$ cat run25.txt   # compact mmCIF, C-alpha atoms (C1' of nucleotides)
# COMPACT_ATOMS: atom_id res chain seq x y z
CA MET A 50 -58.46 -138.62 1.06
CA SER A 51 -60.02 -137.97 -2.28
CA ASP A 52 -58.97 -140.24 -5.05
CA ARG A 53 -57.41 -140.48 -8.40
CA SER A 54 -60.12 -139.57 -10.83
CA ASP A 55 -60.89 -136.43 -8.98
CA HIS A 56 -57.81 -134.31 -8.62
CA ALA A 57 -58.90 -130.82 -9.47
CA GLU A 58 -55.89 -129.17 -7.98
CA PRO A 59 -52.40 -129.49 -9.34
CA ILE A 60 -50.00 -132.05 -7.96
CA ARG A 61 -46.60 -130.68 -7.24
CA VAL A 62 -43.56 -132.87 -7.24
CA ASP A 63 -40.12 -131.44 -7.41
CA ASP A 64 -40.01 -129.28 -10.51
CA LEU A 65 -43.24 -130.67 -11.86
CA GLU A 66 -46.70 -129.25 -11.65
CA ILE A 67 -49.36 -131.62 -12.85
CA THR A 68 -52.95 -130.60 -13.36
CA PRO A 69 -54.95 -133.79 -13.78
CA GLY A 70 -58.18 -132.04 -14.63
CA GLU A 71 -56.56 -130.29 -17.55
CA GLY A 72 -53.95 -132.74 -18.66
CA LEU A 73 -51.34 -130.11 -18.13
CA VAL A 74 -47.79 -130.49 -16.95
CA ARG A 75 -45.40 -127.69 -16.20
CA ALA A 76 -41.77 -128.44 -15.69
CA GLY A 77 -39.22 -125.82 -14.87
CA GLY A 78 -41.04 -123.00 -16.59
CA GLN A 79 -41.97 -125.05 -19.60
CA VAL A 80 -45.25 -126.62 -20.56
CA LEU A 81 -44.94 -130.25 -21.46
CA THR A 82 -47.04 -131.50 -24.32
CA LEU A 83 -48.01 -135.02 -23.45
CA SER A 84 -50.41 -137.36 -25.14
CA VAL A 85 -53.23 -138.91 -23.15
CA ARG A 86 -51.33 -142.12 -22.47
CA GLU A 87 -48.19 -140.32 -21.49
CA PHE A 88 -50.09 -138.09 -19.18
CA GLN A 89 -52.02 -140.86 -17.50
CA LEU A 90 -48.86 -142.83 -17.10
CA LEU A 91 -47.20 -139.91 -15.39
CA VAL A 92 -50.13 -139.39 -13.07
CA ALA A 93 -50.31 -143.06 -12.20
CA MET A 94 -46.66 -143.14 -11.31
CA VAL A 95 -46.71 -139.91 -9.39
CA GLU A 96 -49.56 -141.19 -7.29
CA HIS A 97 -47.31 -144.04 -6.22
CA ALA A 98 -44.31 -141.76 -5.90
CA GLY A 99 -41.49 -143.38 -4.02
CA GLY A 100 -42.87 -146.85 -4.45
CA ILE A 101 -42.49 -149.37 -7.19
CA ILE A 102 -45.44 -149.86 -9.46
CA GLY A 103 -45.52 -152.89 -11.71
CA ARG A 104 -46.21 -152.95 -15.43
CA GLU A 105 -49.31 -154.96 -14.80
CA GLU A 106 -50.83 -152.33 -12.62
CA LEU A 107 -49.77 -149.53 -14.91
CA CYS A 108 -51.44 -151.29 -17.78
CA ARG A 109 -54.56 -151.84 -15.73
CA VAL A 110 -54.72 -148.24 -14.58
CA VAL A 111 -53.72 -146.47 -17.77
CA TRP A 112 -54.85 -148.82 -20.51
CA GLY A 113 -57.73 -150.36 -18.64
CA ARG A 114 -56.82 -153.91 -19.51
CA GLU A 115 -54.58 -156.72 -18.39
CA LEU A 116 -51.01 -156.72 -19.54
CA ARG A 117 -50.56 -159.48 -22.05
CA PRO A 118 -47.37 -161.44 -22.32
CA GLY A 119 -45.03 -159.82 -24.78
CA ASP A 120 -46.85 -156.54 -24.62
CA ARG A 121 -44.35 -153.70 -24.59
CA SER A 122 -46.75 -150.77 -24.67
CA VAL A 123 -45.93 -149.76 -21.15
CA ASP A 124 -42.20 -149.78 -21.80
CA VAL A 125 -42.58 -147.82 -24.98
CA TYR A 126 -44.59 -145.15 -23.26
CA VAL A 127 -42.30 -144.98 -20.30
CA SER A 128 -39.57 -144.36 -22.79
CA LYS A 129 -41.49 -141.54 -24.48
CA LEU A 130 -42.39 -140.01 -21.16
CA ARG A 131 -38.81 -140.17 -20.00
CA ALA A 132 -37.62 -138.46 -23.15
CA LYS A 133 -39.96 -135.55 -22.62
CA LEU A 134 -39.22 -135.21 -18.95
CA GLU A 135 -35.54 -135.39 -19.58
CA HIS A 136 -35.78 -132.78 -22.27
CA ALA A 137 -37.63 -130.44 -19.94
CA VAL A 138 -35.52 -131.08 -16.84
CA PRO A 139 -32.18 -132.54 -17.88
CA GLU A 140 -30.67 -132.41 -14.42
CA ARG A 141 -33.23 -134.70 -12.83
CA ARG A 142 -34.17 -138.30 -13.25
CA TYR A 143 -37.74 -139.07 -12.39
CA ILE A 144 -38.45 -142.57 -13.54
CA HIS A 145 -36.38 -145.45 -12.29
CA THR A 146 -36.47 -149.00 -13.55
CA HIS A 147 -36.50 -151.96 -11.21
CA PRO A 148 -35.97 -154.99 -13.42
CA SER A 149 -38.70 -157.57 -13.01
CA PHE A 150 -40.50 -155.38 -10.50
CA GLY A 151 -41.60 -152.30 -12.35
CA TYR A 152 -40.95 -148.60 -12.29
CA ARG A 153 -40.55 -146.09 -9.52
CA PHE A 154 -41.19 -142.39 -9.71
CA GLN A 155 -38.81 -140.34 -7.66
CA PRO A 156 -37.06 -137.09 -8.44
CA GLU A 157 -33.36 -137.56 -8.18
CA GLU A 158 -30.63 -135.06 -8.67
CA LEU A 159 -28.42 -136.14 -11.49
CA LEU A 160 -24.82 -135.27 -10.75
CA ALA A 161 -21.79 -137.35 -9.98
CA PRO A 162 -22.24 -140.87 -11.13
CA ASN A 163 -23.69 -142.82 -8.26
CA VAL A 164 -21.00 -144.32 -6.14
CA ASP A 165 -22.82 -147.58 -6.05
CA ALA A 166 -25.68 -148.37 -8.32
CA SER A 167 -27.44 -150.30 -5.62
CA VAL A 168 -28.04 -147.41 -3.30
CA GLU A 169 -29.60 -144.13 -4.15
CA PRO A 170 -29.40 -141.01 -2.01
CA LEU A 171 -33.16 -140.79 -1.62
CA PRO A 172 -33.27 -137.07 -2.39
CA ARG A 173 -34.92 -135.57 0.54
CA SER A 174 -38.09 -133.64 0.74
CA GLU A 175 -36.71 -130.27 1.56
CA SER A 176 -36.95 -129.19 5.10
CA MET B 51 -44.45 -162.51 -7.58
CA SER B 52 -47.24 -160.90 -5.67
CA ASP B 53 -48.68 -162.63 -2.70
CA ARG B 54 -51.20 -160.69 -0.80
CA SER B 55 -51.69 -163.53 1.61
CA ASP B 56 -48.28 -162.79 2.99
CA HIS B 57 -47.70 -159.12 3.63
CA ALA B 58 -49.10 -156.07 2.01
CA GLU B 59 -47.50 -153.81 4.54
CA PRO B 60 -43.81 -153.17 5.02
CA ILE B 61 -41.75 -155.26 7.36
CA ARG B 62 -39.55 -153.26 9.65
CA VAL B 63 -36.34 -154.66 11.05
CA ASP B 64 -33.78 -152.44 12.57
CA ASP B 65 -32.86 -149.88 9.91
CA LEU B 66 -34.59 -151.80 7.17
CA GLU B 67 -38.01 -151.28 5.73
CA ILE B 68 -39.06 -154.04 3.40
CA THR B 69 -42.15 -153.79 1.25
CA PRO B 70 -42.86 -157.24 -0.15
CA GLY B 71 -45.66 -156.12 -2.40
CA GLU B 72 -43.42 -153.64 -4.14
CA GLY B 73 -40.08 -155.36 -3.99
CA LEU B 74 -38.65 -152.32 -2.29
CA VAL B 75 -36.16 -152.00 0.54
CA ARG B 76 -35.33 -148.80 2.32
CA ALA B 77 -32.33 -148.61 4.58
CA GLY B 78 -31.39 -145.54 6.51
CA GLY B 79 -32.72 -143.00 4.04
CA GLN B 80 -31.63 -144.91 0.99
CA VAL B 81 -33.44 -147.06 -1.48
CA LEU B 82 -31.83 -150.40 -1.97
CA THR B 83 -32.09 -151.75 -5.47
CA LEU B 84 -32.22 -155.49 -5.19
CA SER B 85 -32.80 -158.08 -7.84
CA VAL B 86 -35.66 -160.55 -7.50
CA ARG B 87 -33.49 -163.27 -5.99
CA GLU B 88 -31.74 -160.91 -3.62
CA PHE B 89 -35.03 -159.55 -2.49
CA GLN B 90 -36.69 -162.90 -1.97
CA LEU B 91 -33.65 -164.13 -0.13
CA LEU B 92 -33.81 -161.18 2.20
CA VAL B 93 -37.50 -161.67 2.85
CA ALA B 94 -37.05 -165.37 3.51
CA MET B 95 -34.32 -164.73 6.02
CA VAL B 96 -36.11 -161.89 7.71
CA GLU B 97 -39.14 -164.08 8.18
CA HIS B 98 -36.97 -166.44 10.18
CA ALA B 99 -35.18 -163.56 11.88
CA GLY B 100 -33.18 -164.70 14.86
CA GLY B 101 -33.24 -168.33 13.81
CA ILE B 102 -31.02 -170.33 11.55
CA ILE B 103 -32.35 -171.19 8.15
CA GLY B 104 -30.57 -173.84 6.11
CA ARG B 105 -29.45 -173.58 2.53
CA GLU B 106 -31.87 -176.31 1.53
CA GLU B 107 -34.83 -174.39 2.81
CA LEU B 108 -33.62 -171.13 1.32
CA CYS B 109 -33.26 -172.79 -2.03
CA ARG B 110 -36.70 -174.32 -1.72
CA VAL B 111 -38.32 -171.05 -0.73
CA VAL B 112 -36.48 -168.67 -3.04
CA TRP B 113 -35.58 -170.81 -6.02
CA GLY B 114 -38.49 -173.18 -5.76
CA ARG B 115 -36.40 -176.28 -6.14
CA GLU B 116 -34.25 -178.64 -4.17
CA LEU B 117 -30.67 -177.67 -3.49
CA ARG B 118 -28.46 -179.82 -5.65
CA PRO B 119 -25.09 -181.02 -4.44
CA GLY B 120 -22.40 -178.58 -5.45
CA ASP B 121 -24.91 -175.84 -6.03
CA ARG B 122 -23.55 -172.55 -4.74
CA SER B 123 -26.34 -170.25 -5.86
CA VAL B 124 -27.48 -169.59 -2.34
CA ASP B 125 -24.00 -168.69 -1.17
CA VAL B 126 -23.41 -166.44 -4.14
CA TYR B 127 -26.59 -164.55 -3.52
CA VAL B 128 -26.03 -164.26 0.19
CA SER B 129 -22.74 -162.68 -0.72
CA LYS B 130 -24.37 -160.20 -3.07
CA LEU B 131 -27.05 -159.36 -0.58
CA ARG B 132 -24.50 -158.84 2.15
CA ALA B 133 -22.52 -156.50 -0.04
CA LYS B 134 -25.53 -154.29 -0.69
CA LEU B 135 -26.69 -154.29 2.91
CA GLU B 136 -23.23 -153.52 4.12
CA HIS B 137 -22.87 -150.69 1.70
CA ALA B 138 -26.17 -149.19 2.80
CA VAL B 139 -25.69 -149.73 6.53
CA PRO B 140 -21.98 -150.20 7.23
CA GLU B 141 -22.35 -150.18 10.97
CA ARG B 142 -24.58 -153.25 11.12
CA ARG B 143 -24.19 -156.85 10.26
CA TYR B 144 -27.39 -158.55 9.30
CA ILE B 145 -26.49 -161.94 7.94
CA HIS B 146 -24.52 -164.41 10.01
CA THR B 147 -23.08 -167.71 8.86
CA HIS B 148 -23.45 -170.90 10.83
CA PRO B 149 -21.15 -173.39 9.13
CA SER B 150 -22.87 -176.61 8.19
CA PHE B 151 -26.18 -175.27 9.45
CA GLY B 152 -27.09 -172.26 7.41
CA TYR B 153 -27.58 -168.55 7.82
CA ARG B 154 -29.17 -166.41 10.45
CA PHE B 155 -30.61 -162.95 10.02
CA GLN B 156 -30.09 -160.68 12.94
CA PRO B 157 -29.17 -157.02 13.10
CA GLU B 158 -26.01 -156.65 15.07
CA GLU B 159 -24.20 -153.50 16.00
CA LEU B 160 -20.76 -153.59 14.58
CA LEU B 161 -18.39 -152.06 17.09
CA ALA B 162 -15.44 -153.58 18.88
CA PRO B 163 -14.79 -157.00 17.47
CA ASN B 164 -15.96 -159.39 20.13
CA VAL B 165 -12.97 -161.27 21.41
CA ASP B 166 -15.01 -164.24 22.43
CA ALA B 167 -16.54 -165.20 19.13
CA SER B 168 -18.65 -167.98 20.54
CA VAL B 169 -20.98 -165.72 22.41
CA GLU B 170 -22.73 -162.79 20.86
CA PRO B 171 -24.10 -159.86 22.82
CA LEU B 172 -27.58 -160.61 21.60
CA PRO B 173 -27.74 -157.09 20.24
CA ARG B 174 -30.58 -154.68 20.27
CA SER B 175 -33.42 -157.10 20.07
CA GLU B 176 -36.21 -154.69 20.59
CA SER B 177 -39.70 -154.12 19.46
C1' DC C 199 -57.86 -136.63 -50.06
C1' DC C 200 -53.99 -134.74 -47.14
C1' DG C 201 -50.94 -134.12 -43.52
C1' DG C 202 -50.37 -134.69 -38.70
C1' DT C 203 -50.86 -137.08 -34.24
C1' DC C 204 -51.48 -141.02 -31.55
C1' DC C 205 -51.16 -145.85 -30.60
C1' DT C 206 -49.56 -150.55 -31.23
C1' DT C 207 -46.31 -153.83 -32.57
C1' DC C 208 -41.91 -155.46 -34.15
C1' DA C 209 -37.00 -155.99 -34.10
C1' DC C 210 -32.47 -155.50 -32.47
C1' DG C 211 -29.13 -154.07 -29.46
C1' DA C 212 -27.84 -152.80 -24.76
C1' DC C 213 -28.11 -153.69 -20.19
C1' DT C 214 -29.06 -156.84 -15.89
C1' DT C 215 -29.64 -160.77 -13.65
C1' DT C 216 -28.79 -165.53 -12.83
C1' DT C 217 -26.01 -169.52 -13.13
C1' DT C 218 -21.90 -171.81 -13.06
C1' DC C 219 -17.01 -172.37 -12.49
C1' DA C 220 -12.70 -171.75 -10.19
C1' DC C 221 -9.67 -170.40 -6.80
C1' DC C 222 -8.75 -168.98 -1.99
C1' DG C 223 -8.43 -168.81 2.90
C1' DG C 224 -9.97 -170.76 7.29
C1' DT C 225 -10.86 -174.80 10.24
C1' DG C 226 -10.53 -179.29 12.22
C1' DC C 227 -8.30 -183.58 12.38
C1' DA C 228 -4.97 -187.34 12.03
C1' DT D 138 2.12 -181.00 7.89
C1' DG D 139 -1.14 -182.80 4.65
C1' DC D 140 -5.85 -183.16 3.67
C1' DA D 141 -10.91 -182.81 3.46
C1' DC D 142 -14.65 -179.88 4.16
C1' DC D 143 -16.92 -175.21 4.09
C1' DG D 144 -18.00 -171.03 2.75
C1' DG D 145 -16.63 -166.19 0.27
C1' DT D 146 -16.32 -164.23 -3.85
C1' DG D 147 -14.52 -162.64 -8.68
C1' DA D 148 -15.49 -163.60 -13.19
C1' DA D 149 -17.22 -165.72 -17.44
C1' DA D 150 -21.15 -167.68 -19.62
C1' DA D 151 -26.01 -168.05 -20.28
C1' DA D 152 -30.49 -166.23 -19.89
C1' DG D 153 -33.70 -162.77 -19.26
C1' DT D 154 -35.35 -157.83 -19.28
C1' DC D 155 -35.55 -153.30 -21.04
C1' DG D 156 -34.75 -149.09 -24.29
C1' DT D 157 -36.01 -147.39 -28.40
C1' DG D 158 -36.25 -146.35 -33.55
C1' DA D 159 -39.29 -147.35 -37.00
C1' DA D 160 -43.23 -149.23 -39.63
C1' DG D 161 -48.18 -149.49 -40.20
C1' DG D 162 -52.90 -148.47 -39.18
C1' DA D 163 -56.69 -145.68 -37.04
C1' DC D 164 -58.39 -141.26 -36.38
C1' DC D 165 -59.15 -136.27 -37.16
C1' DG D 166 -59.57 -131.47 -38.73
C1' DG D 167 -59.19 -129.11 -42.92

$ encode --input "run25.txt" --output "structure tokens"
Amino acid sequence: MSDRSDHAEPIRVDDLEITPGEGLVRAGGQVLTLSVREFQLLVAMVEHAGGIIGREELCRVVWGRELRPGDRSVDVYVSKLRAKLEHAVPERRYIHTHPSFGYRFQPEELLAPNVDASVEPLPRSES
Amino acid sequence: MSDRSDHAEPIRVDDLEITPGEGLVRAGGQVLTLSVREFQLLVAMVEHAGGIIGREELCRVVWGRELRPGDRSVDVYVSKLRAKLEHAVPERRYIHTHPSFGYRFQPEELLAPNVDASVEPLPRSES
DNA sequence: CCGGTCCTTCACGACTTTTTCACCGGTGCA
DNA sequence: TGCACCGGTGAAAAAGTCGTGAAGGACCGG
């Protein structure tokens, strides 16, 4: 279908409503104030929702350059983004870390501590 | 750790869906979180699915070095991988040990313990 | 010039993964 | 029965990765 640069209509994921054209994100009745980087990062991850996206690609897509060794920009911004998302929707975790692989966007209900850290319930798309 | 020349698309084996490009494994509605070694080990074995692959070759392929005498890394990681697979799909056994030869990947229904251990039912080999 | 926001980089601590070691049970053989 | 060989696995040690507060500079509207 149509691609990244051209989403005019809002993307809806779980409690989030993202309007790429306007740089707007609504989460659970609140409006998130994100900076450009934070916003682009979110969009990039959401477009790969469910899959792992590496730092290299995130840097390429959001920053428009190659990730240099020792560069922590991506991590720092993931951290900022997480903080804002968590503040808006405390009961969900959206961004998951896969050490050495990258990050994965996937809404996950945050309740009882996961029985085993290696398997996640894969919160279903409602039916 | 990207190698387009290999597989960009997910490998499907039994209940498993392995996406080499993303380092992701889905098993029966769950997302398996594997470390790099665990993941590479799984991929290596799956690529030889049905056949026996020796420790030496596994070490060469996954660790990129020769297996040194007394080195138990492969065994340790097979153990870890088994634990995660078993937790995700308790009713299957995927990794079989062939003493002195190596390991063999093959999905096997885990029902009544086969009395005659020397012959296996040659389980659901399908697609 | 000022105050505020954004971005990058640095540093340190926390968390994970990987390696290595040790002990155990099972097996086959004399 | 004693022993050597194999492989399973818990745990400690070593190495690597990530989370994040904070400092410093660029930019901007007033």

$ calpha_fit_rmsd --input "run25.txt" --fixed "chain A" --moving "chain B"
2.5 Å

$ residues_around --input "run25.txt" --residues "Ser85 of chain B" --least-positions-apart "3" --cutoff "12 Å" --atoms "only C-alpha atoms (C1' of nucleotides)" --output "PyMOL selection string"
(chain A and resi 146-151+167) or (chain B and resi 73-75+82+88-92+127+130-131+134) or (chain C and resi 214-216) or (chain D and resi 154)

$ residues_near_point --input "run25.txt" --point "(-47.7, -134.4, -8.8)" --cutoff "12 Å" --atoms "all atoms listed in the file" --output "ChimeraX atom specification"
/A:53,56-69,72-76,88-99,143,154-156

$ residues_near_point --input "run25.txt" --point "(-16.6, -174.8, -12.7)" --cutoff "12 Å" --atoms "all atoms listed in the file" --output "list in words"
Gly120, Asp121 and Arg122 of chain B; DT217, DT218, DC219, DA220 and DC221 of chain C; DA148, DA149 and DA150 of chain D

$ interface_residues --input "run25.txt" --of "chain C" --to "chain A" --cutoff "10 Å" --atoms "all atoms listed in the file" --output "list of chain:residue names"
C:DT203, C:DC204, C:DC205, C:DT206, C:DT207, C:DT214, C:DT215

$ interface_residues --input "run25.txt" --of "chain B" --to "chain A" --cutoff "6 Å" --atoms "only C-alpha atoms" --output "PDB file with C-alpha atoms, in the frame of the given file"
ATOM      1  CA  GLU B  72     -43.420-153.640  -4.140  1.00  0.00           C
ATOM      2  CA  GLN B  80     -31.630-144.910   0.990  1.00  0.00           C
ATOM      3  CA  VAL B  81     -33.440-147.060  -1.480  1.00  0.00           C
ATOM      4  CA  LEU B  82     -31.830-150.400  -1.970  1.00  0.00           C
ATOM      5  CA  THR B  83     -32.090-151.750  -5.470  1.00  0.00           C
TER       6      THR B  83
END

$ atom_distance --input "run25.txt" --atom1 "atom C1' of DG202 of chain C" --atom2 "atom CA of Ala132 of chain A"
20.5 Å

$ interface_residues --input "run25.txt" --of "chain D" --to "chain A" --cutoff "10 Å" --atoms "only C-alpha atoms (C1' of nucleotides)" --output "number ranges by chain"
D: 153-157

$ residues_around --input "run25.txt" --residues "DG224 of chain C" --least-positions-apart "6" --cutoff "12 Å" --atoms "only C-alpha atoms (C1' of nucleotides)" --output "NGL selection string"
(:B and (149)) or (:D and (142-145))

$ residues_around --input "run25.txt" --residues "DA209 of chain C" --least-positions-apart "3" --cutoff "12 Å" --atoms "all atoms listed in the file" --output "compact mmCIF listing (two decimals) with C-alpha atoms (C1' of nucleotides), in the frame of the given file"
# COMPACT_ATOMS: atom_id res chain seq x y z
C1' DT D 157 -36.01 -147.39 -28.40
C1' DG D 158 -36.25 -146.35 -33.55
C1' DA D 159 -39.29 -147.35 -37.00
C1' DA D 160 -43.23 -149.23 -39.63

$ atom_distance --input "run25.txt" --atom1 "atom C1' of DT146 of chain D" --atom2 "atom CA of Glu136 of chain B"
15.0 Å

$ closest_residue --input "run25.txt" --among "B:Gly79, B:His146, B:Glu141, B:Glu106" --to "Glu159 of chain B" --atoms "all atoms listed in the file"
B:Glu141

$ residues_around --input "run25.txt" --residues "Arg141 of chain A" --least-positions-apart "3" --cutoff "6 Å" --atoms "all atoms listed in the file" --output "list in words"
Val138, Glu157, Glu158 and Leu159 of chain A

$ atom_distance --input "run25.txt" --atom1 "atom CA of Gly77 of chain A" --atom2 "atom CA of Val123 of chain A"
25.6 Å

$ axis_aligned_box --input "run25.txt" --around "segment 142-154 of chain A" --padding-each-side "4 Å" --output "lines of an AutoDock Vina configuration file"
center_x = -37.9
center_y = -147.9
center_z = -11.5
size_x = 15.4
size_y = 27.3
size_z = 12.0
